[in-house]
>>> print(open('model39.cif').read())   # mmCIF, C-alpha atoms
data_input
loop_
_atom_site.label_atom_id
_atom_site.label_comp_id
_atom_site.auth_asym_id
_atom_site.auth_seq_id
_atom_site.Cartn_x
_atom_site.Cartn_y
_atom_site.Cartn_z
CA MET A 1 -12.12 -20.23 19.49
CA LEU A 2 -13.57 -23.76 19.51
CA TYR A 3 -14.66 -23.56 15.88
CA ILE A 4 -11.27 -22.18 14.84
CA LEU A 5 -9.70 -25.29 16.36
CA PHE A 6 -12.25 -27.45 14.52
CA ALA A 7 -11.32 -25.74 11.24
CA ILE A 8 -7.58 -26.25 11.79
CA LEU A 9 -8.16 -29.91 12.68
CA ILE A 10 -10.26 -30.38 9.53
CA PHE A 11 -7.52 -28.89 7.36
CA GLY A 12 -4.83 -30.99 9.01
CA LEU A 13 -6.89 -34.16 8.71
CA LEU A 14 -7.77 -33.61 5.05
CA ILE A 15 -4.19 -32.83 4.06
CA GLY A 16 -2.96 -35.82 6.05
CA LEU A 17 -5.48 -38.09 4.32
CA HIS A 18 -4.50 -36.65 0.93
CA GLU A 19 -0.86 -37.55 1.52
CA LEU A 20 -1.91 -40.90 2.98
CA GLY A 21 -3.58 -41.63 -0.36
CA HIS A 22 -0.31 -41.02 -2.19
CA PHE A 23 1.58 -43.02 0.44
CA ALA A 24 -0.71 -46.06 0.33
CA ALA A 25 -0.72 -46.11 -3.49
CA ALA A 26 3.07 -45.76 -3.62
CA LYS A 27 3.58 -48.61 -1.16
CA ALA A 28 1.08 -50.78 -3.04
CA CYS A 29 2.95 -50.12 -6.30
CA GLY A 30 6.35 -50.90 -4.75
CA VAL A 31 7.69 -47.33 -4.85
CA ARG A 32 10.25 -46.33 -2.23
CA VAL A 33 8.91 -43.63 0.12
CA ASN A 34 11.70 -41.72 1.87
CA GLU A 35 9.50 -39.67 4.19
CA PHE A 36 5.84 -39.35 5.08
CA SER A 37 5.16 -36.08 6.90
CA ILE A 38 2.09 -34.55 8.50
CA GLY A 39 2.61 -30.78 8.69
CA MET A 40 5.38 -28.55 7.38
CA GLY A 41 8.37 -26.79 8.91
CA PRO A 42 10.60 -28.05 11.74
CA ALA A 43 10.05 -31.65 12.82
CA LEU A 44 8.43 -32.12 16.24
CA PHE A 45 8.68 -35.88 16.06
CA GLN A 46 10.33 -38.27 13.63
CA LYS A 47 10.73 -42.03 13.60
CA GLU A 48 12.21 -44.29 10.97
CA LYS A 49 10.54 -47.58 10.27
CA GLY A 50 12.05 -49.64 7.51
CA GLU A 51 12.98 -47.40 4.60
CA THR A 52 10.57 -44.58 5.51
CA ALA A 53 10.88 -41.72 8.01
CA TYR A 54 7.55 -40.75 9.58
CA SER A 55 7.40 -37.10 10.70
CA LEU A 56 5.09 -34.76 12.57
CA ARG A 57 6.01 -31.14 11.85
CA LEU A 58 5.23 -27.81 13.46
CA LEU A 59 2.85 -26.20 10.95
CA PRO A 60 -0.44 -28.17 10.72
CA LEU A 61 -1.50 -26.82 7.30
CA GLY A 62 0.52 -29.05 5.02
CA GLY A 63 2.30 -32.35 4.61
CA TYR A 64 4.04 -34.43 2.00
CA CYS A 65 4.90 -37.91 0.81
CA ALA A 66 8.50 -37.80 -0.44
CA MET A 67 8.96 -40.57 -3.00
CA GLU A 68 12.28 -41.63 -4.48
CA GLY A 69 12.72 -40.14 -7.95
CA GLU A 70 9.75 -37.80 -7.69
CA ASP A 71 11.66 -34.54 -8.21
CA GLU A 72 15.05 -35.81 -9.37
CA ASP A 73 16.64 -38.52 -11.47
CA SER A 74 17.24 -41.76 -9.62
CA ASP A 75 18.80 -45.06 -10.62
CA ASP A 76 16.79 -46.89 -7.98
CA PRO A 77 14.50 -49.41 -9.78
CA ARG A 78 11.88 -48.64 -7.14
CA SER A 79 11.90 -44.90 -7.85
CA LEU A 80 8.67 -43.27 -8.98
CA SER A 81 10.04 -42.22 -12.36
CA ARG A 82 10.90 -45.82 -13.25
CA GLN A 83 7.38 -47.11 -12.72
CA SER A 84 4.87 -47.81 -15.47
CA PHE A 85 2.44 -45.17 -16.73
CA TRP A 86 -0.51 -46.74 -14.93
CA LYS A 87 1.29 -47.04 -11.60
CA GLN A 88 2.37 -43.39 -11.70
CA LEU A 89 -1.14 -42.31 -12.70
CA LEU A 90 -2.62 -44.24 -9.78
CA ILE A 91 -0.14 -42.72 -7.33
CA PHE A 92 -0.70 -39.14 -8.53
CA ALA A 93 -4.51 -39.50 -8.49
CA ALA A 94 -4.68 -41.32 -5.15
CA GLY A 95 -4.50 -38.16 -3.01
CA ALA A 96 -7.48 -36.53 -4.71
CA ALA A 97 -9.36 -39.84 -4.64
CA MET A 98 -8.79 -40.08 -0.89
CA ASN A 99 -10.13 -36.54 -0.35
CA PHE A 100 -13.24 -37.21 -2.45
CA LEU A 101 -13.85 -40.47 -0.61
CA THR A 102 -13.46 -38.66 2.72
CA GLY A 103 -16.04 -36.04 1.72
CA PHE A 104 -18.44 -38.77 0.57
CA LEU A 105 -18.03 -40.75 3.81
CA ILE A 106 -18.60 -37.63 5.95
CA LEU A 107 -21.85 -37.00 4.07
CA LEU A 108 -22.86 -40.64 4.46
CA CYS A 109 -22.32 -40.41 8.23
CA LEU A 110 -24.28 -37.15 8.42
CA TYR A 111 -27.19 -38.67 6.51
CA ALA A 112 -27.12 -41.92 8.53
CA GLY A 113 -29.76 -40.66 10.97
CA ALA A 114 -31.95 -38.91 8.39
CA ALA A 115 -35.64 -39.84 8.40
CA GLY A 116 -36.42 -38.34 5.01
CA PHE A 117 -35.11 -36.25 2.13
CA TYR A 118 -36.59 -33.46 0.05
CA ASN A 119 -36.72 -34.23 -3.65
CA SER A 120 -37.25 -31.88 -6.60
CA GLU A 121 -40.88 -32.80 -7.29
CA ILE A 122 -43.24 -29.92 -8.11
CA VAL A 123 -45.84 -29.79 -5.34
CA GLU A 124 -47.84 -26.64 -6.10
CA LEU A 125 -48.55 -24.22 -8.93
CA ASN A 126 -49.70 -20.64 -8.49
CA PRO A 127 -53.37 -20.29 -9.53
CA ASP A 128 -52.23 -17.78 -12.18
CA PHE A 129 -49.40 -20.00 -13.44
CA PRO A 130 -49.59 -19.71 -17.26
CA ASN A 131 -47.90 -23.00 -18.17
CA ALA A 132 -50.08 -25.47 -16.24
CA GLY A 133 -51.31 -28.63 -17.93
CA PRO A 134 -50.12 -31.63 -19.95
CA ASP A 135 -48.32 -29.39 -22.46
CA GLY A 136 -46.66 -27.41 -19.69
CA VAL A 137 -45.89 -28.22 -16.06
CA MET A 138 -48.01 -30.31 -13.70
CA VAL A 139 -47.95 -31.08 -9.98
CA GLY A 140 -46.01 -34.31 -9.57
CA ASP A 141 -43.46 -33.51 -12.28
CA GLU A 142 -39.89 -34.01 -11.08
CA ILE A 143 -37.41 -31.28 -12.02
CA TYR A 144 -34.61 -33.11 -13.83
CA ARG A 145 -32.53 -30.36 -15.45
CA ILE A 146 -32.42 -26.54 -15.46
CA ASN A 147 -30.47 -24.52 -18.03
CA GLY A 148 -28.46 -27.59 -18.96
CA GLU A 149 -27.53 -28.53 -15.37
CA ARG A 150 -28.70 -31.80 -13.81
CA ILE A 151 -30.82 -31.41 -10.68
CA TYR A 152 -29.92 -33.99 -8.03
CA LEU A 153 -31.21 -32.35 -4.83
CA ARG A 154 -33.91 -29.85 -3.96
CA SER A 155 -31.27 -27.22 -3.18
CA ASP A 156 -29.84 -27.57 -6.70
CA VAL A 157 -32.71 -25.57 -8.18
CA ALA A 158 -31.72 -22.38 -6.33
CA THR A 159 -28.00 -23.04 -6.89
CA VAL A 160 -28.34 -23.48 -10.65
CA LEU A 161 -30.59 -20.43 -11.02
CA GLN A 162 -27.99 -18.39 -9.12
CA TYR A 163 -24.94 -19.55 -11.10
CA LYS A 164 -26.53 -20.09 -14.53
CA SER A 165 -29.25 -17.46 -14.67
CA ARG A 166 -30.75 -16.60 -18.03
CA GLY A 167 -32.50 -13.45 -16.91
CA ASP A 168 -36.26 -13.85 -16.57
CA SER A 169 -36.49 -17.21 -18.31
CA MET A 170 -35.24 -20.75 -17.90
CA GLU A 171 -35.25 -24.02 -19.77
CA MET A 172 -36.44 -26.83 -17.53
CA VAL A 173 -36.58 -30.55 -18.19
CA VAL A 174 -39.10 -32.47 -16.08
CA LEU A 175 -39.66 -36.18 -15.59
CA ARG A 176 -43.26 -37.33 -15.99
CA GLY A 177 -44.05 -41.02 -16.09
CA GLY A 178 -40.43 -41.83 -16.97
CA GLU A 179 -40.45 -39.38 -19.92
CA LYS A 180 -38.23 -36.29 -20.11
CA LEU A 181 -40.15 -33.19 -21.21
CA THR A 182 -38.52 -29.84 -22.02
CA ARG A 183 -40.32 -26.67 -20.98
CA THR A 184 -39.39 -23.00 -21.26
CA LEU A 185 -40.68 -20.90 -18.35
CA HIS A 186 -40.74 -17.14 -17.85
CA MET A 187 -40.94 -15.13 -14.66
CA GLN A 188 -44.36 -13.60 -14.03
CA THR A 189 -45.71 -10.96 -11.68
CA TYR A 190 -47.86 -12.47 -8.93
CA THR A 191 -49.70 -11.01 -5.93
CA ASP A 192 -49.27 -12.45 -2.44
CA ALA A 193 -51.91 -12.73 0.33
CA ASN A 194 -51.08 -9.18 1.49
CA GLY A 195 -51.64 -7.70 -1.95
CA GLN A 196 -47.91 -7.22 -2.58
CA GLU A 197 -46.60 -7.94 -6.08
CA TYR A 198 -43.56 -10.18 -6.58
CA ARG A 199 -41.71 -11.78 -9.48
CA ALA A 200 -41.41 -15.57 -9.61
CA TYR A 201 -41.74 -18.61 -11.85
CA GLY A 202 -44.90 -19.57 -10.00
CA PHE A 203 -44.25 -23.09 -8.74
CA SER A 204 -43.20 -24.72 -5.46
CA TYR A 205 -41.09 -27.85 -5.30
CA GLY A 206 -39.82 -30.38 -2.78
CA SER A 207 -41.80 -33.26 -1.31
CA VAL A 208 -40.42 -35.50 1.45
CA ILE A 209 -39.49 -39.11 0.70
CA GLU A 210 -38.50 -41.76 3.22
CA ALA A 211 -34.75 -42.11 3.78
CA THR A 212 -34.07 -45.77 3.05
CA PRO A 213 -30.46 -47.06 3.34
CA LEU A 214 -30.13 -47.03 -0.46
CA LEU A 215 -31.48 -43.49 -0.66
CA LYS A 216 -29.01 -42.33 2.01
CA LEU A 217 -26.20 -43.72 -0.10
CA LYS A 218 -27.66 -42.11 -3.24
CA TYR A 219 -28.12 -38.68 -1.65
CA SER A 220 -24.60 -38.76 -0.16
CA TRP A 221 -23.24 -39.39 -3.65
CA TYR A 222 -25.43 -36.67 -5.16
CA ASN A 223 -24.28 -34.16 -2.55
CA ALA A 224 -20.63 -34.99 -3.27
CA LEU A 225 -21.30 -34.45 -6.99
CA ASP A 226 -22.95 -31.15 -6.11
CA TYR A 227 -19.76 -29.99 -4.40
CA VAL A 228 -17.81 -30.90 -7.55
CA ARG A 229 -20.23 -28.81 -9.59
CA LEU A 230 -19.84 -25.83 -7.24
CA VAL A 231 -16.09 -25.88 -7.87
CA ARG A 232 -16.65 -26.08 -11.63
CA LEU A 233 -19.17 -23.23 -11.67
CA SER A 234 -16.89 -21.08 -9.50
CA LEU A 235 -13.94 -21.71 -11.84
CA GLN A 236 -16.12 -20.80 -14.81
CA MET A 237 -16.96 -17.51 -13.11
CA LEU A 238 -13.23 -16.82 -12.61
CA VAL A 239 -12.44 -17.57 -16.26
CA THR A 240 -15.31 -15.44 -17.59
CA GLY A 241 -14.53 -12.56 -15.24
CA ALA A 242 -17.81 -12.86 -13.30
CA ALA A 243 -15.64 -13.33 -10.19
CA GLY A 244 -12.14 -12.16 -9.33
CA VAL A 245 -9.23 -13.02 -7.06
CA LYS A 246 -10.84 -10.95 -4.29
CA ASP A 247 -13.72 -13.41 -4.27
CA LEU A 248 -11.40 -16.34 -3.51
CA SER A 249 -10.89 -17.63 0.02
CA GLY A 250 -7.80 -19.35 1.38
CA PRO A 251 -7.23 -21.13 4.71
CA VAL A 252 -7.68 -17.91 6.72
CA GLY A 253 -10.98 -17.09 5.01
CA ILE A 254 -12.29 -20.63 5.35
CA VAL A 255 -11.35 -20.82 9.04
CA SER A 256 -13.10 -17.48 9.58
CA THR A 257 -16.21 -18.70 7.70
CA ILE A 258 -16.36 -21.93 9.72
CA SER A 259 -15.98 -19.99 12.97
CA GLU A 260 -18.72 -17.48 12.10
CA MET A 261 -21.05 -20.21 10.80
CA GLY A 262 -20.53 -22.32 13.91
CA GLN A 263 -21.15 -19.46 16.32
CA GLU A 264 -24.27 -18.24 14.49
CA THR A 265 -25.76 -21.73 14.20
CA GLU A 266 -25.02 -22.52 17.85
CA ALA A 267 -26.74 -19.31 18.95
CA LYS A 268 -29.88 -20.17 16.95
CA GLU A 269 -30.09 -23.96 16.99
CA GLY A 270 -27.59 -25.28 19.53
CA PHE A 271 -24.17 -26.90 19.51
CA ALA A 272 -25.26 -30.16 17.80
CA ALA A 273 -26.63 -28.28 14.77
CA ALA A 274 -23.49 -26.12 14.64
CA LEU A 275 -21.25 -29.18 14.70
CA GLU A 276 -23.32 -30.78 11.92
CA ASN A 277 -22.88 -27.68 9.75
CA VAL A 278 -19.13 -27.72 10.41
CA PHE A 279 -18.95 -31.32 9.19
CA PHE A 280 -20.98 -30.48 6.08
CA PHE A 281 -18.52 -27.68 5.40
CA GLY A 282 -15.66 -30.11 6.00
CA ALA A 283 -17.13 -32.50 3.41
CA MET A 284 -17.34 -29.63 0.93
CA ILE A 285 -13.69 -28.68 1.57
CA ALA A 286 -12.63 -32.31 1.10
CA VAL A 287 -14.31 -32.54 -2.31
CA ASN A 288 -13.02 -29.07 -3.20
CA LEU A 289 -9.44 -30.17 -2.45
CA ALA A 290 -9.93 -33.27 -4.59
CA VAL A 291 -11.10 -31.29 -7.61
CA MET A 292 -8.60 -28.45 -7.26
CA ASN A 293 -5.67 -30.87 -6.94
CA LEU A 294 -6.63 -32.48 -10.24
CA LEU A 295 -6.49 -29.21 -12.18
CA PRO A 296 -3.78 -29.48 -14.88
CA LEU A 297 -1.55 -26.86 -13.27
CA PRO A 298 2.17 -27.22 -12.45
CA ALA A 299 2.97 -28.46 -8.93
CA LEU A 300 -0.54 -29.87 -8.49
CA ASP A 301 -1.34 -33.55 -8.93
CA GLY A 302 -3.26 -32.68 -12.09
CA GLY A 303 -0.16 -30.97 -13.51
CA LYS A 304 1.93 -34.06 -12.79
CA ILE A 305 -0.69 -36.23 -14.49
CA LEU A 306 -0.63 -33.90 -17.51
CA ILE A 307 3.17 -34.16 -17.79
CA LEU A 308 2.88 -37.93 -17.39
CA ILE A 309 0.41 -38.09 -20.29
CA VAL A 310 2.60 -35.81 -22.44
CA ASP A 311 5.57 -38.08 -21.65
CA GLU A 312 3.60 -41.16 -22.65
CA ILE A 313 2.51 -39.58 -25.95
CA GLY A 314 6.12 -38.47 -26.58
CA MET A 315 7.37 -42.00 -26.07
CA LEU A 316 4.74 -43.45 -28.40
CA LEU A 317 5.34 -40.93 -31.17
CA PHE A 318 8.99 -39.89 -30.86
CA ARG A 319 10.54 -42.40 -28.43
CA LYS A 320 11.53 -39.46 -26.19
CA LYS A 321 10.41 -38.21 -22.80
CA LEU A 322 10.56 -34.74 -21.32
CA PRO A 323 13.86 -34.13 -19.47
CA GLN A 324 13.56 -34.46 -15.69
CA LYS A 325 15.10 -31.00 -15.31
CA PHE A 326 12.30 -29.49 -17.43
CA GLU A 327 9.65 -31.08 -15.22
CA THR A 328 11.44 -29.91 -12.08
CA VAL A 329 11.68 -26.31 -13.35
CA VAL A 330 8.02 -26.26 -14.43
CA ASN A 331 6.85 -27.63 -11.08
CA ALA A 332 9.06 -25.19 -9.18
CA ALA A 333 7.72 -22.25 -11.20
CA GLY A 334 4.16 -23.48 -10.74
CA PHE A 335 4.69 -23.88 -7.00
CA ALA A 336 6.09 -20.34 -6.75
CA ALA A 337 3.10 -18.98 -8.69
CA LEU A 338 0.63 -20.86 -6.48
CA MET A 339 2.37 -19.61 -3.35
CA GLY A 340 2.19 -16.07 -4.72
CA LEU A 341 -1.53 -16.46 -5.39
CA MET A 342 -2.01 -17.93 -1.92
CA LEU A 343 -0.27 -14.92 -0.37
CA VAL A 344 -2.57 -12.54 -2.26
CA VAL A 345 -5.65 -14.52 -1.24
CA THR A 346 -4.46 -14.69 2.38
CA PHE A 347 -3.84 -10.92 2.39
CA ASN A 348 -7.39 -10.38 1.11
CA ASP A 349 -8.77 -12.76 3.74
CA VAL A 350 -6.96 -10.93 6.54
CA ALA A 351 -8.11 -7.55 5.20
CA LYS A 352 -11.75 -8.74 5.31
CA LEU A 353 -11.40 -9.42 9.03
CA PHE A 354 -10.76 -5.74 9.79
#
>>> encode(input="model39.cif", output="structure tokens")
Amino acid sequence: MLYILFAILIFGLLIGLHELGHFAAAKACGVRVNEFSIGMGPALFQKEKGETAYSLRLLPLGGYCAMEGEDEDSDDPRSLSRQSFWKQLLIFAAGAAMNFLTGFLILLCLYAGAAGFYNSEIVELNPDFPNAGPDGVMVGDEIYRINGERIYLRSDVATVLQYKSRGDSMEMVVLRGGEKLTRTLHMQTYTDANGQEYRAYGFSYGSVIEATPLLKLKYSWYNALDYVRLVRLSLQMLVTGAAGVKDLSGPVGIVSTISEMGQETEAKEGFAAALENVFFFGAMIAVNLAVMNLLPLPALDGGKILILIVDEIGMLLFRKKLPQKFETVVNAAGFAALMGLMLVVTFNDVAKLF
């Protein structure tokens, strides 16, 4: 139950921070904000301060920043629709930026006490490794790229091979003396100490380097970029059909995953390790929300940015903008479609629990 509460708090915090990003950008740009709400549904608490009503609502999974002229025409010179292109772009992107920054800062805090980090340096080659030597791979080479994907962290090697497998071969770029060298490797059959055969590429990687303050900052950034890549690779799998809607997880599935992960980790390694894993997962969700919100889909921030760009191009070429009613209808339809998808995903999540 404790980890379920943690998960709900994480969701509420991330959504609140997302809306706070929009709110802060709107205020900085002089846009009138009618209401700033944490949560959805009936209001539990509401207080007006200046021109803005601040609300706390019953359902913790949601929130909004209601700006003048966001969904309707307004003659108010401080309405959102009457602001410049760059101000509107900043306001629409601020929520995702706040989520990404939150994920990055969580990672930075988690890495603050780290003594060292694993890198992607090759530390050992199997005695039967066929590509050893100056024209192949050598101990001390740093894995820089695999199958076109940049390797930032030691864990990236396994992630990339899972998502971008090319069967029994891979193209690997290594750094040696500041030079990037491209190598093509093939899986081989090796024999372990017990005489059992196994298939592998035949090298081990990951040496430990001291965690200096600069390296902690660097690895926090790299980990945040890794979370962005995971979203991209997952979306690619959806588009190509390698994954389906049943593979998606919504709030119910994520809460369930956090709860199971926390309980399992606590049983094996203790509460502190479980809490650390929960925060890592929270950082991943924060970055995930940032990326997903910037997708060019109606009702999402990315969809609003797309319409904003189309409007700007229309004004430059034809001196006309899209009618406000058209934007409202598109966003309403997009919102309905997203809610429908969320219901399907939630139904699947609930079905997995039984």
>>> atom_distance(input="model39.cif", atom1="CA of Gly16 (chain A)", atom2="CA of Ile38 (chain A)")
5.8 Å
>>> resolve_selection(input="model39.cif", expression="the PyMOL selection byres ((chain A and resi 232-235) around 10)", output="PDB file with C-alpha atoms, keeping the file's coordinate frame")
ATOM      1  CA  VAL A 160     -28.340 -23.480 -10.650  1.00  0.00           C
ATOM      2  CA  TYR A 163     -24.940 -19.550 -11.100  1.00  0.00           C
ATOM      3  CA  LYS A 164     -26.530 -20.090 -14.530  1.00  0.00           C
ATOM      4  CA  ASP A 226     -22.950 -31.150  -6.110  1.00  0.00           C
ATOM      5  CA  TYR A 227     -19.760 -29.990  -4.400  1.00  0.00           C
ATOM      6  CA  VAL A 228     -17.810 -30.900  -7.550  1.00  0.00           C
ATOM      7  CA  ARG A 229     -20.230 -28.810  -9.590  1.00  0.00           C
ATOM      8  CA  LEU A 230     -19.840 -25.830  -7.240  1.00  0.00           C
ATOM      9  CA  VAL A 231     -16.090 -25.880  -7.870  1.00  0.00           C
ATOM     10  CA  GLN A 236     -16.120 -20.800 -14.810  1.00  0.00           C
ATOM     11  CA  MET A 237     -16.960 -17.510 -13.110  1.00  0.00           C
ATOM     12  CA  LEU A 238     -13.230 -16.820 -12.610  1.00  0.00           C
ATOM     13  CA  VAL A 239     -12.440 -17.570 -16.260  1.00  0.00           C
ATOM     14  CA  THR A 240     -15.310 -15.440 -17.590  1.00  0.00           C
ATOM     15  CA  GLY A 241     -14.530 -12.560 -15.240  1.00  0.00           C
ATOM     16  CA  ALA A 242     -17.810 -12.860 -13.300  1.00  0.00           C
ATOM     17  CA  ALA A 243     -15.640 -13.330 -10.190  1.00  0.00           C
ATOM     18  CA  ASP A 247     -13.720 -13.410  -4.270  1.00  0.00           C
ATOM     19  CA  LEU A 248     -11.400 -16.340  -3.510  1.00  0.00           C
ATOM     20  CA  ASN A 288     -13.020 -29.070  -3.200  1.00  0.00           C
ATOM     21  CA  VAL A 291     -11.100 -31.290  -7.610  1.00  0.00           C
ATOM     22  CA  MET A 292      -8.600 -28.450  -7.260  1.00  0.00           C
TER      23      MET A 292
END
>>> atom_distance(input="model39.cif", atom1="CA of Leu9 (chain A)", atom2="CA of Ala283 (chain A)")
13.2 Å
>>> residues_near_point(input="model39.cif", point="(-23.5, -42.3, 9.5)", cutoff="12 Å", atoms="only C-alpha atoms", output="PDB file with C-alpha atoms, in the coordinates of the input")
ATOM      1  CA  PHE A 104     -18.440 -38.770   0.570  1.00  0.00           C
ATOM      2  CA  LEU A 105     -18.030 -40.750   3.810  1.00  0.00           C
ATOM      3  CA  ILE A 106     -18.600 -37.630   5.950  1.00  0.00           C
ATOM      4  CA  LEU A 107     -21.850 -37.000   4.070  1.00  0.00           C
ATOM      5  CA  LEU A 108     -22.860 -40.640   4.460  1.00  0.00           C
ATOM      6  CA  CYS A 109     -22.320 -40.410   8.230  1.00  0.00           C
ATOM      7  CA  LEU A 110     -24.280 -37.150   8.420  1.00  0.00           C
ATOM      8  CA  TYR A 111     -27.190 -38.670   6.510  1.00  0.00           C
ATOM      9  CA  ALA A 112     -27.120 -41.920   8.530  1.00  0.00           C
ATOM     10  CA  GLY A 113     -29.760 -40.660  10.970  1.00  0.00           C
ATOM     11  CA  ALA A 114     -31.950 -38.910   8.390  1.00  0.00           C
ATOM     12  CA  PRO A 213     -30.460 -47.060   3.340  1.00  0.00           C
ATOM     13  CA  LYS A 216     -29.010 -42.330   2.010  1.00  0.00           C
ATOM     14  CA  LEU A 217     -26.200 -43.720  -0.100  1.00  0.00           C
ATOM     15  CA  SER A 220     -24.600 -38.760  -0.160  1.00  0.00           C
ATOM     16  CA  GLU A 276     -23.320 -30.780  11.920  1.00  0.00           C
ATOM     17  CA  PHE A 279     -18.950 -31.320   9.190  1.00  0.00           C
TER      18      PHE A 279
END
>>> resolve_selection(input="model39.cif", expression="the PyMOL selection byres ((chain A and resi 80) around 12)", output="PDB file with C-alpha atoms, in the frame of the given file")
ATOM      1  CA  HIS A  22      -0.310 -41.020  -2.190  1.00  0.00           C
ATOM      2  CA  PHE A  23       1.580 -43.020   0.440  1.00  0.00           C
ATOM      3  CA  ALA A  25      -0.720 -46.110  -3.490  1.00  0.00           C
ATOM      4  CA  ALA A  26       3.070 -45.760  -3.620  1.00  0.00           C
ATOM      5  CA  LYS A  27       3.580 -48.610  -1.160  1.00  0.00           C
ATOM      6  CA  CYS A  29       2.950 -50.120  -6.300  1.00  0.00           C
ATOM      7  CA  GLY A  30       6.350 -50.900  -4.750  1.00  0.00           C
ATOM      8  CA  VAL A  31       7.690 -47.330  -4.850  1.00  0.00           C
ATOM      9  CA  ARG A  32      10.250 -46.330  -2.230  1.00  0.00           C
ATOM     10  CA  VAL A  33       8.910 -43.630   0.120  1.00  0.00           C
ATOM     11  CA  ASN A  34      11.700 -41.720   1.870  1.00  0.00           C
ATOM     12  CA  CYS A  65       4.900 -37.910   0.810  1.00  0.00           C
ATOM     13  CA  ALA A  66       8.500 -37.800  -0.440  1.00  0.00           C
ATOM     14  CA  MET A  67       8.960 -40.570  -3.000  1.00  0.00           C
ATOM     15  CA  GLU A  68      12.280 -41.630  -4.480  1.00  0.00           C
ATOM     16  CA  GLY A  69      12.720 -40.140  -7.950  1.00  0.00           C
ATOM     17  CA  GLU A  70       9.750 -37.800  -7.690  1.00  0.00           C
ATOM     18  CA  ASP A  71      11.660 -34.540  -8.210  1.00  0.00           C
ATOM     19  CA  GLU A  72      15.050 -35.810  -9.370  1.00  0.00           C
ATOM     20  CA  ASP A  73      16.640 -38.520 -11.470  1.00  0.00           C
ATOM     21  CA  SER A  74      17.240 -41.760  -9.620  1.00  0.00           C
ATOM     22  CA  ASP A  75      18.800 -45.060 -10.620  1.00  0.00           C
ATOM     23  CA  ASP A  76      16.790 -46.890  -7.980  1.00  0.00           C
ATOM     24  CA  PRO A  77      14.500 -49.410  -9.780  1.00  0.00           C
ATOM     25  CA  ARG A  78      11.880 -48.640  -7.140  1.00  0.00           C
ATOM     26  CA  SER A  79      11.900 -44.900  -7.850  1.00  0.00           C
ATOM     27  CA  SER A  81      10.040 -42.220 -12.360  1.00  0.00           C
ATOM     28  CA  ARG A  82      10.900 -45.820 -13.250  1.00  0.00           C
ATOM     29  CA  GLN A  83       7.380 -47.110 -12.720  1.00  0.00           C
ATOM     30  CA  SER A  84       4.870 -47.810 -15.470  1.00  0.00           C
ATOM     31  CA  PHE A  85       2.440 -45.170 -16.730  1.00  0.00           C
ATOM     32  CA  TRP A  86      -0.510 -46.740 -14.930  1.00  0.00           C
ATOM     33  CA  LYS A  87       1.290 -47.040 -11.600  1.00  0.00           C
ATOM     34  CA  GLN A  88       2.370 -43.390 -11.700  1.00  0.00           C
ATOM     35  CA  LEU A  89      -1.140 -42.310 -12.700  1.00  0.00           C
ATOM     36  CA  LEU A  90      -2.620 -44.240  -9.780  1.00  0.00           C
ATOM     37  CA  ILE A  91      -0.140 -42.720  -7.330  1.00  0.00           C
ATOM     38  CA  PHE A  92      -0.700 -39.140  -8.530  1.00  0.00           C
ATOM     39  CA  LEU A 308       2.880 -37.930 -17.390  1.00  0.00           C
TER      40      LEU A 308
END
>>> closest_residue(input="model39.cif", among="A:Pro130, A:Gly195, A:Gly206, A:Gly177", to="Tyr152 (chain A)", atoms="only C-alpha atoms")
A:Gly206
>>> resolve_selection(input="model39.cif", expression="the PyMOL selection byres ((chain A and resi 39) around 10)", output="VMD selection string")
chain A and resid 12 15 to 16 36 to 38 40 to 44 55 to 64
>>> write_last_selection(input="model39.cif", atoms="C-alpha atoms", output="PDB file, in the coordinates of the input")
ATOM      1  CA  GLY A  12      -4.830 -30.990   9.010  1.00  0.00           C
ATOM      2  CA  ILE A  15      -4.190 -32.830   4.060  1.00  0.00           C
ATOM      3  CA  GLY A  16      -2.960 -35.820   6.050  1.00  0.00           C
ATOM      4  CA  PHE A  36       5.840 -39.350   5.080  1.00  0.00           C
ATOM      5  CA  SER A  37       5.160 -36.080   6.900  1.00  0.00           C
ATOM      6  CA  ILE A  38       2.090 -34.550   8.500  1.00  0.00           C
ATOM      7  CA  MET A  40       5.380 -28.550   7.380  1.00  0.00           C
ATOM      8  CA  GLY A  41       8.370 -26.790   8.910  1.00  0.00           C
ATOM      9  CA  PRO A  42      10.600 -28.050  11.740  1.00  0.00           C
ATOM     10  CA  ALA A  43      10.050 -31.650  12.820  1.00  0.00           C
ATOM     11  CA  LEU A  44       8.430 -32.120  16.240  1.00  0.00           C
ATOM     12  CA  SER A  55       7.400 -37.100  10.700  1.00  0.00           C
ATOM     13  CA  LEU A  56       5.090 -34.760  12.570  1.00  0.00           C
ATOM     14  CA  ARG A  57       6.010 -31.140  11.850  1.00  0.00           C
ATOM     15  CA  LEU A  58       5.230 -27.810  13.460  1.00  0.00           C
ATOM     16  CA  LEU A  59       2.850 -26.200  10.950  1.00  0.00           C
ATOM     17  CA  PRO A  60      -0.440 -28.170  10.720  1.00  0.00           C
ATOM     18  CA  LEU A  61      -1.500 -26.820   7.300  1.00  0.00           C
ATOM     19  CA  GLY A  62       0.520 -29.050   5.020  1.00  0.00           C
ATOM     20  CA  GLY A  63       2.300 -32.350   4.610  1.00  0.00           C
ATOM     21  CA  TYR A  64       4.040 -34.430   2.000  1.00  0.00           C
TER      22      TYR A  64
END
>>> axis_aligned_box(input="model39.cif", around="region 108-122 of chain A", padding_each_side="4 Å", output="JSON")
{"center_x": -32.8, "center_y": -35.9, "center_z": 1.4, "size_x": 28.9, "size_y": 20.0, "size_z": 27.1}
>>> residues_near_point(input="model39.cif", point="(-39.3, -36.0, -15.3)", cutoff="6 Å", atoms="all atoms listed in the file", output="list in words")
Asp141, Glu142, Tyr144, Val174, Leu175, Arg176, Glu179 and Lys180 of chain A
